$ cat data00.cif   # mmCIF, C-alpha atoms and all ligand atoms
data_work
#
loop_
_atom_site.label_atom_id
_atom_site.label_comp_id
_atom_site.auth_asym_id
_atom_site.auth_seq_id
_atom_site.Cartn_x
_atom_site.Cartn_y
_atom_site.Cartn_z
CA MET A 1 31.62 9.97 2.13
CA ILE A 2 34.74 11.78 0.95
CA THR A 3 34.26 15.43 -0.05
CA LEU A 4 36.43 16.85 -2.83
CA TYR A 5 36.52 20.61 -3.27
CA GLN A 6 37.18 21.01 -6.95
CA HIS A 7 36.65 22.60 -10.34
CA PRO A 8 36.68 20.30 -13.39
CA MET A 9 39.13 22.47 -15.34
CA SER A 10 41.93 22.33 -12.77
CA ALA A 11 44.78 19.99 -13.74
CA TYR A 12 45.56 19.56 -10.03
CA VAL A 13 41.97 18.50 -9.36
CA MET A 14 42.00 16.13 -12.33
CA LYS A 15 44.97 14.23 -10.86
CA VAL A 16 42.99 13.57 -7.70
CA ARG A 17 39.75 12.72 -9.49
CA ILE A 18 41.54 10.14 -11.63
CA ALA A 19 43.26 8.64 -8.55
CA LEU A 20 39.96 8.37 -6.64
CA ALA A 21 38.28 6.72 -9.63
CA GLU A 22 41.16 4.27 -10.10
CA LYS A 23 40.85 3.28 -6.43
CA GLY A 24 37.08 2.88 -6.79
CA LEU A 25 36.39 5.54 -4.15
CA ALA A 26 33.12 7.47 -4.24
CA TYR A 27 33.16 11.13 -3.35
CA GLU A 28 31.01 14.22 -3.32
CA ALA A 29 32.38 16.89 -5.66
CA VAL A 30 31.87 20.41 -4.29
CA LEU A 31 32.57 23.55 -6.30
CA PRO A 32 33.52 26.25 -3.78
CA SER A 33 31.88 29.61 -4.41
CA GLY A 34 34.13 32.66 -4.68
CA LEU A 35 36.95 30.99 -6.66
CA ALA A 36 36.58 33.55 -9.46
CA ASP A 37 37.33 36.55 -7.31
CA GLY A 38 39.07 35.05 -4.28
CA THR A 39 36.15 35.47 -1.89
CA THR A 40 36.02 31.80 -0.88
CA ALA A 41 35.13 31.21 2.77
CA GLY A 42 33.64 28.75 5.23
CA GLU A 43 34.24 25.00 5.29
CA PHE A 44 36.28 25.04 2.08
CA VAL A 45 38.85 27.46 3.53
CA GLU A 46 38.96 25.49 6.78
CA ALA A 47 39.96 22.44 4.75
CA SER A 48 42.21 24.40 2.39
CA PRO A 49 43.73 27.35 4.26
CA ARG A 50 45.46 28.63 1.12
CA ALA A 51 42.00 28.64 -0.48
CA GLU A 52 43.12 26.44 -3.37
CA ILE A 53 41.51 23.45 -4.98
CA PRO A 54 41.77 20.50 -4.72
CA ALA A 55 41.08 19.90 -1.05
CA LEU A 56 39.83 16.60 0.30
CA VAL A 57 37.85 15.97 3.46
CA ASP A 58 37.75 12.31 4.41
CA ASP A 59 34.70 10.81 6.08
CA ASP A 60 36.53 10.78 9.44
CA GLY A 61 37.04 14.55 9.12
CA THR A 62 40.68 14.46 7.97
CA GLU A 63 41.36 17.54 5.83
CA VAL A 64 44.08 17.47 3.17
CA PHE A 65 45.04 20.17 0.68
CA ASP A 66 47.48 20.21 -2.26
CA SER A 67 47.12 17.64 -5.06
CA THR A 68 50.45 15.93 -4.36
CA ILE A 69 49.75 15.58 -0.65
CA ILE A 70 46.23 14.37 -1.43
CA LEU A 71 47.63 11.72 -3.82
CA GLU A 72 50.01 10.60 -1.08
CA TYR A 73 47.17 10.44 1.44
CA ILE A 74 45.03 8.38 -0.95
CA GLU A 75 47.91 6.00 -1.69
CA ASP A 76 48.74 5.63 2.03
CA LYS A 77 45.16 5.04 3.10
CA TRP A 78 43.96 2.94 0.18
CA PRO A 79 47.07 1.19 -1.14
CA GLU A 80 45.17 -1.08 -3.58
CA PRO A 81 45.44 -0.94 -6.50
CA PRO A 82 48.82 0.79 -6.15
CA LEU A 83 49.41 3.94 -8.18
CA LEU A 84 53.11 4.14 -7.33
CA PRO A 85 55.54 1.36 -8.24
CA ARG A 86 57.47 -0.34 -5.43
CA ALA A 87 61.09 0.38 -6.36
CA PRO A 88 62.43 3.61 -4.79
CA ALA A 89 64.00 4.80 -8.06
CA ALA A 90 60.77 4.22 -10.00
CA ARG A 91 58.78 6.04 -7.31
CA ALA A 92 61.15 8.99 -7.44
CA ARG A 93 60.83 9.09 -11.23
CA CYS A 94 57.03 9.28 -11.01
CA ARG A 95 57.28 12.15 -8.54
CA MET A 96 59.75 14.02 -10.73
CA ILE A 97 57.49 13.71 -13.76
CA GLU A 98 54.59 14.94 -11.62
CA ASP A 99 56.64 17.91 -10.46
CA VAL A 100 57.57 18.90 -14.01
CA MET A 101 53.91 18.78 -15.03
CA ASP A 102 52.73 20.76 -12.01
CA THR A 103 55.37 23.45 -12.22
CA HIS A 104 56.47 23.68 -15.87
CA TYR A 105 53.68 22.39 -18.10
CA GLU A 106 50.58 23.57 -16.26
CA PRO A 107 51.48 27.31 -16.36
CA ASN A 108 51.52 27.19 -20.16
CA ASN A 109 47.89 26.10 -20.22
CA TRP A 110 46.97 28.61 -17.55
CA GLY A 111 48.77 31.45 -19.33
CA THR A 112 47.34 30.58 -22.74
CA MET A 113 43.87 30.82 -21.26
CA GLU A 114 44.69 34.21 -19.74
CA VAL A 115 45.49 35.40 -23.25
CA VAL A 116 43.07 33.62 -25.58
CA LYS A 117 40.00 33.47 -23.32
CA ALA A 118 40.46 36.26 -20.77
CA ARG A 119 42.18 38.49 -23.39
CA ARG A 120 44.59 39.98 -20.88
CA ALA A 121 46.78 40.90 -23.86
CA THR A 122 46.01 41.79 -27.45
CA GLY A 123 47.94 42.28 -30.69
CA GLU A 124 51.68 41.64 -30.75
CA LEU A 125 51.93 40.89 -27.02
CA ALA A 126 49.12 38.32 -27.23
CA ASP A 127 50.85 36.65 -30.18
CA ARG A 128 54.16 36.60 -28.31
CA LEU A 129 52.63 35.05 -25.18
CA VAL A 130 50.71 32.38 -27.12
CA GLU A 131 53.85 31.53 -29.07
CA PHE A 132 55.82 31.31 -25.80
CA GLY A 133 53.32 28.78 -24.47
CA ARG A 134 53.23 26.83 -27.72
CA ARG A 135 57.03 26.54 -27.86
CA ASN A 136 57.28 25.51 -24.21
CA ILE A 137 54.60 22.86 -24.68
CA ALA A 138 56.37 21.45 -27.75
CA GLN A 139 59.64 21.26 -25.78
CA LEU A 140 57.94 19.65 -22.77
CA GLN A 141 56.23 17.10 -25.00
CA GLU A 142 59.61 16.20 -26.45
CA TRP A 143 60.89 15.69 -22.90
CA LEU A 144 57.84 13.60 -22.03
CA ASP A 145 58.31 11.47 -25.12
CA ALA A 146 61.90 10.77 -24.06
CA GLN A 147 60.73 9.86 -20.53
CA LEU A 148 58.26 7.41 -21.96
CA GLY A 149 60.80 5.76 -24.24
CA GLU A 150 59.54 2.33 -25.28
CA HIS A 151 57.22 1.95 -22.29
CA ASP A 152 53.45 1.86 -22.44
CA TRP A 153 53.09 3.96 -19.28
CA PHE A 154 55.03 6.78 -17.64
CA THR A 155 54.68 4.99 -14.30
CA GLY A 156 56.41 1.84 -15.57
CA GLU A 157 54.72 -1.49 -16.18
CA GLN A 158 51.27 -0.20 -15.34
CA PHE A 159 49.18 2.95 -15.45
CA GLY A 160 49.69 5.01 -12.31
CA TRP A 161 50.88 8.16 -10.59
CA ALA A 162 53.00 9.60 -13.39
CA ASP A 163 50.35 8.93 -16.06
CA LEU A 164 47.58 10.60 -14.06
CA SER A 165 49.89 13.58 -13.54
CA VAL A 166 50.74 13.95 -17.22
CA VAL A 167 47.32 13.48 -18.80
CA PRO A 168 45.51 16.54 -17.36
CA CYS A 169 48.07 18.93 -18.84
CA VAL A 170 48.48 17.22 -22.21
CA ALA A 171 44.71 16.84 -22.54
CA ARG A 172 44.14 20.52 -21.80
CA SER A 173 46.59 21.75 -24.42
CA THR A 174 45.19 19.27 -26.94
CA VAL A 175 41.47 19.58 -26.27
CA ALA A 176 41.25 23.26 -25.34
CA TYR A 177 43.98 24.84 -27.47
CA GLY A 178 44.13 22.35 -30.32
CA TYR A 179 47.87 21.68 -30.02
CA GLY A 180 48.75 18.48 -31.80
CA ILE A 181 50.93 15.87 -30.15
CA GLU A 182 53.81 15.64 -32.60
CA ARG A 183 55.76 12.80 -31.00
CA PRO A 184 54.37 9.41 -32.08
CA GLY A 185 55.22 7.69 -28.79
CA LEU A 186 53.45 10.34 -26.75
CA ARG A 187 50.53 10.34 -29.18
CA THR A 188 50.09 6.57 -28.83
CA TRP A 189 50.32 6.86 -25.04
CA PHE A 190 47.67 9.61 -25.12
CA ASP A 191 45.24 7.39 -27.04
CA ARG A 192 46.00 4.55 -24.63
CA VAL A 193 45.48 6.62 -21.49
CA MET A 194 42.31 8.23 -22.85
CA ALA A 195 40.77 4.76 -23.16
CA ARG A 196 40.71 4.47 -19.35
CA PRO A 197 37.26 5.37 -18.00
CA SER A 198 38.76 7.31 -15.06
CA VAL A 199 40.72 9.52 -17.46
CA ARG A 200 38.03 9.84 -20.12
CA LYS A 201 35.50 11.09 -17.56
CA ALA A 202 37.87 13.70 -16.08
CA VAL A 203 38.96 14.92 -19.53
CA ASP A 204 35.39 15.07 -20.86
CA GLU A 205 34.30 17.13 -17.86
CA MET A 206 37.30 19.45 -18.28
CA ALA A 207 36.42 19.91 -21.98
CA GLN A 208 32.76 20.62 -21.18
CA ALA A 209 33.70 23.18 -18.54
CA TYR A 210 36.13 24.84 -20.96
CA ALA A 211 33.48 25.00 -23.70
CA ALA A 212 30.99 26.51 -21.24
CA LEU A 213 33.30 29.24 -19.92
CA PRO A 214 31.49 32.55 -19.53
CA ASP A 215 32.63 35.78 -21.18
CA LEU A 216 35.83 36.30 -19.18
CA PRO A 217 36.72 39.78 -20.52
CA GLN A 218 33.24 40.92 -19.53
CA LEU A 219 33.67 39.50 -16.02
CA ILE A 220 37.07 41.18 -15.75
CA ALA A 221 35.58 44.51 -16.89
CA GLU A 222 32.90 44.13 -14.21
CA ARG A 223 35.61 43.26 -11.61
CA LYS A 224 33.89 39.89 -11.04
CA LEU A 225 36.94 37.91 -12.11
CA LYS A 226 40.10 38.53 -10.12
CA ARG A 227 42.53 35.78 -11.00
CA GLN A 228 45.19 34.46 -8.73
CA TYR A 229 48.69 35.03 -10.15
CA ARG A 230 51.04 32.79 -8.23
CA ASP A 231 54.45 31.15 -8.38
CA HIS A 232 54.91 29.23 -11.68
CA ARG A 233 52.01 31.02 -13.32
CA LEU A 234 53.26 34.46 -12.38
CA GLU A 235 56.72 33.46 -13.58
CA TRP A 236 55.24 32.28 -16.88
CA MET A 237 53.56 35.61 -17.51
CA ILE A 238 56.72 37.58 -16.74
CA ALA A 239 59.10 35.25 -18.60
CA GLY A 240 56.83 35.32 -21.66
CA GLY A 241 57.02 39.11 -21.78
CA GLY A 242 53.75 39.91 -19.99
CA LEU A 243 55.04 42.04 -17.13
CA SER A 244 52.63 44.75 -18.29
CA VAL A 245 49.73 42.28 -17.93
CA VAL A 246 50.68 41.84 -14.28
CA ALA A 247 51.15 45.58 -13.75
CA ASP A 248 47.80 46.38 -15.39
CA GLY A 249 46.04 43.70 -13.34
CA VAL A 250 47.51 45.03 -10.10
CA ALA A 251 46.61 48.59 -11.06
CA ASP A 252 42.98 47.79 -11.89
CA GLY A 253 42.54 45.19 -9.15
CA THR A 254 41.76 42.28 -11.49
CA ILE A 255 44.54 40.00 -10.30
CA ARG A 256 45.46 38.84 -6.84
CA PHE A 257 48.27 36.87 -5.27
CA SER A 258 48.59 33.95 -2.80
CA ARG A 259 46.45 33.88 0.27
CA LEU A 260 48.23 33.10 3.52
CA PRO A 261 46.63 30.54 5.83
CA ARG A 262 44.91 32.31 8.69
N1 LIG B 1 50.02 23.17 -5.44
C1 LIG B 1 48.59 23.12 -5.53
C2 LIG B 1 48.12 24.06 -6.63
C3 LIG B 1 46.61 24.09 -6.74
C4 LIG B 1 46.10 25.27 -7.56
O1 LIG B 1 46.87 26.04 -8.13
N2 LIG B 1 44.78 25.40 -7.62
C5 LIG B 1 44.19 26.54 -8.27
C6 LIG B 1 43.18 26.12 -9.30
S1 LIG B 1 43.94 25.26 -10.63
C7 LIG B 1 43.44 27.34 -7.22
O2 LIG B 1 42.70 26.79 -6.45
N3 LIG B 1 43.64 28.66 -7.15
C8 LIG B 1 43.00 29.48 -6.19
C9 LIG B 1 42.17 30.53 -6.81
O3 LIG B 1 42.10 30.61 -8.04
O4 LIG B 1 41.53 31.27 -6.05
C10 LIG B 1 48.14 21.70 -5.79
O5 LIG B 1 48.92 20.93 -6.36
O6 LIG B 1 47.03 21.35 -5.39
#
$ encode --input "data00.cif" --output "structure tokens"
Amino acid sequence: MITLYQHPMSAYVMKVRIALAEKGLAYEAVLPSGLADGTTAGEFVEASPRAEIPALVDDDGTEVFDSTIILEYIEDKWPEPPLLPRAPAARARCRMIEDVMDTHYEPNNWGTMEVVKARRATGELADRLVEFGRRNIAQLQEWLDAQLGEHDWFTGEQFGWADLSVVPCVARSTVAYGYGIERPGLRTWFDRVMARPSVRKAVDEMAQAYAALPDLPQLIAERKLKRQYRDHRLEWMIAGGGLSVVADGVADGTIRFSRLPR
């Protein structure tokens, strides 16, 4: 049986969960302990040396980390039904859409949670950061709408790679933060994609996990939550005006950075 190290709120994990469901592949979902404060260890870190989810361990022992590499592994090993189209240009387009979601859209959701749930900032700074995320999301949704054009799916003729990369981020900003989808084309696509059982299940579990989040400010005060600030997310916080959030987190030891493979 495939093992998937995961957390239901992660957009990167959701991509993989949707892909596995679309391929009809059963897996055991394992929530690694220590994700909150970076004290993960053991078999999870052997499979994922950067200590990030998702990581997949195949039943022959093959270990794969990083959502994009995992999607490629799944597509290579179980090509049916295909998630990528055949034409090179269409394949490249799917991967570009995925990259924009992973690097530009996702940090807005992550950062908004750092403000509204973890309350890393208050008052005027909190308002500025939330507004930064809201504006970015509106602009990215406009871009997505243009990518979709008159098509039913981002991937092309059928649901696939690009759709499963877009939906985790759009669902999170809609379900968790209540941002409407202003563009009618994108809105219609969202309703269409949410009708797929693979997507509905992943989004429902994300929403449940979000609703059940513990008191994050309390955990931060107790030094039990030490969030990883990394690449696009770190950039988001700084670009939005939250350099002091980073400085405060470094000073009080409640943020951490990337972990090198050892
Ligand atoms: N590039 C990676 C990013 C994965 C990622 O950022 N995962 C986060 C959760 S959403 C994580 O595991 N962070 C480590 C931590 O919080 O300790 C991928 O696409 O899989």
$ atom_distance --input "data00.cif" --atom1 "CA of Pro217 (chain A)" --atom2 "CA of Trp236 (chain A)"
20.3 Å
$ atom_distance --input "data00.cif" --atom1 "CA of Phe154 (chain A)" --atom2 "CA of Ala29 (chain A)"
27.5 Å
$ closest_residue --input "data00.cif" --among "A:Gly111, A:Pro85, A:Pro79, A:Gly160" --to "ligand LIG 1 (chain B)" --atoms "only C-alpha atoms and all ligand atoms"
A:Gly111
$ residues_near_ligand --input "data00.cif" --ligand "ligand LIG 1 (chain B)" --cutoff "7 Å" --atoms "only C-alpha atoms and all ligand atoms" --output "compact mmCIF listing (two decimals) with C-alpha atoms, in the frame of the given file"
# COMPACT_ATOMS: atom_id res chain seq x y z
CA SER A 10 41.93 22.33 -12.77
CA ALA A 11 44.78 19.99 -13.74
CA TYR A 12 45.56 19.56 -10.03
CA LEU A 35 36.95 30.99 -6.66
CA ALA A 36 36.58 33.55 -9.46
CA ASP A 37 37.33 36.55 -7.31
CA GLY A 38 39.07 35.05 -4.28
CA ALA A 51 42.00 28.64 -0.48
CA GLU A 52 43.12 26.44 -3.37
CA ILE A 53 41.51 23.45 -4.98
CA PRO A 54 41.77 20.50 -4.72
CA PHE A 65 45.04 20.17 0.68
CA ASP A 66 47.48 20.21 -2.26
CA SER A 67 47.12 17.64 -5.06
CA THR A 68 50.45 15.93 -4.36
CA ASP A 102 52.73 20.76 -12.01
CA ARG A 227 42.53 35.78 -11.00
CA GLN A 228 45.19 34.46 -8.73
$ residues_around --input "data00.cif" --residues "Gly149 (chain A)" --least-positions-apart "3" --cutoff "12 Å" --atoms "only C-alpha atoms" --output "number ranges by chain"
A: 142-146, 152-156, 183-186, 188-189
$ residues_around --input "data00.cif" --residues "Glu205 (chain A)" --least-positions-apart "4" --cutoff "7 Å" --atoms "only C-alpha atoms" --output "list in words"
Pro8, Lys201 and Ala209 of chain A
$ closest_residue --input "data00.cif" --among "A:Ile18, A:Gly241, A:Thr3, A:Pro261" --to "Val57 (chain A)" --atoms "all atoms listed in the file"
A:Thr3
$ closest_residue --input "data00.cif" --among "A:Asp58, A:Glu114, A:Asp248, A:Asp231" --to "Ile2 (chain A)" --atoms "only C-alpha atoms"
A:Asp58
$ closest_atom_pairs --input "data00.cif" --of "region 151-227 of chain A" --to "region 106-109 of chain A" --cutoff "12 Å" --atoms "all atoms listed in the file" --output "tab-separated table"
residue	atom	partner	partner_atom	distance
A:Ser165	CA	A:Glu106	CA	10.4
A:Val166	CA	A:Glu106	CA	9.7
A:Val167	CA	A:Glu106	CA	10.9
A:Pro168	CA	A:Glu106	CA	8.7
A:Cys169	CA	A:Glu106	CA	5.9
A:Val170	CA	A:Glu106	CA	9.0
A:Ala171	CA	A:Asn109	CA	10.1
A:Arg172	CA	A:Asn109	CA	6.9
A:Ser173	CA	A:Asn109	CA	6.2
A:Thr174	CA	A:Asn109	CA	10.0
A:Val175	CA	A:Asn109	CA	11.0
A:Ala176	CA	A:Asn109	CA	8.9
A:Tyr177	CA	A:Asn109	CA	8.3
A:Gly178	CA	A:Asn109	CA	11.4
A:Tyr179	CA	A:Asn109	CA	10.8
A:Tyr210	CA	A:Asn109	CA	11.9
$ residues_around --input "data00.cif" --residues "Arg223 (chain A)" --least-positions-apart "5" --cutoff "9 Å" --atoms "only C-alpha atoms" --output "PDB file with C-alpha atoms, keeping the file's coordinate frame"
ATOM      1  CA  ASP A  37      37.330  36.550  -7.310  1.00  0.00           C
ATOM      2  CA  GLN A 218      33.240  40.920 -19.530  1.00  0.00           C
ATOM      3  CA  ASP A 252      42.980  47.790 -11.890  1.00  0.00           C
ATOM      4  CA  GLY A 253      42.540  45.190  -9.150  1.00  0.00           C
ATOM      5  CA  THR A 254      41.760  42.280 -11.490  1.00  0.00           C
TER       6      THR A 254
END
$ closest_residue --input "data00.cif" --among "A:Asp60, A:Asp127, A:Asp99, A:Glu22" --to "Pro81 (chain A)" --atoms "only C-alpha atoms"
A:Glu22
$ atom_distance --input "data00.cif" --atom1 "CA of Gln139 (chain A)" --atom2 "CA of Met101 (chain A)"
12.4 Å
$ closest_residue --input "data00.cif" --among "A:Ala121, A:Pro214, A:Met1, A:Phe190" --to "Ala26 (chain A)" --atoms "all atoms listed in the file"
A:Met1
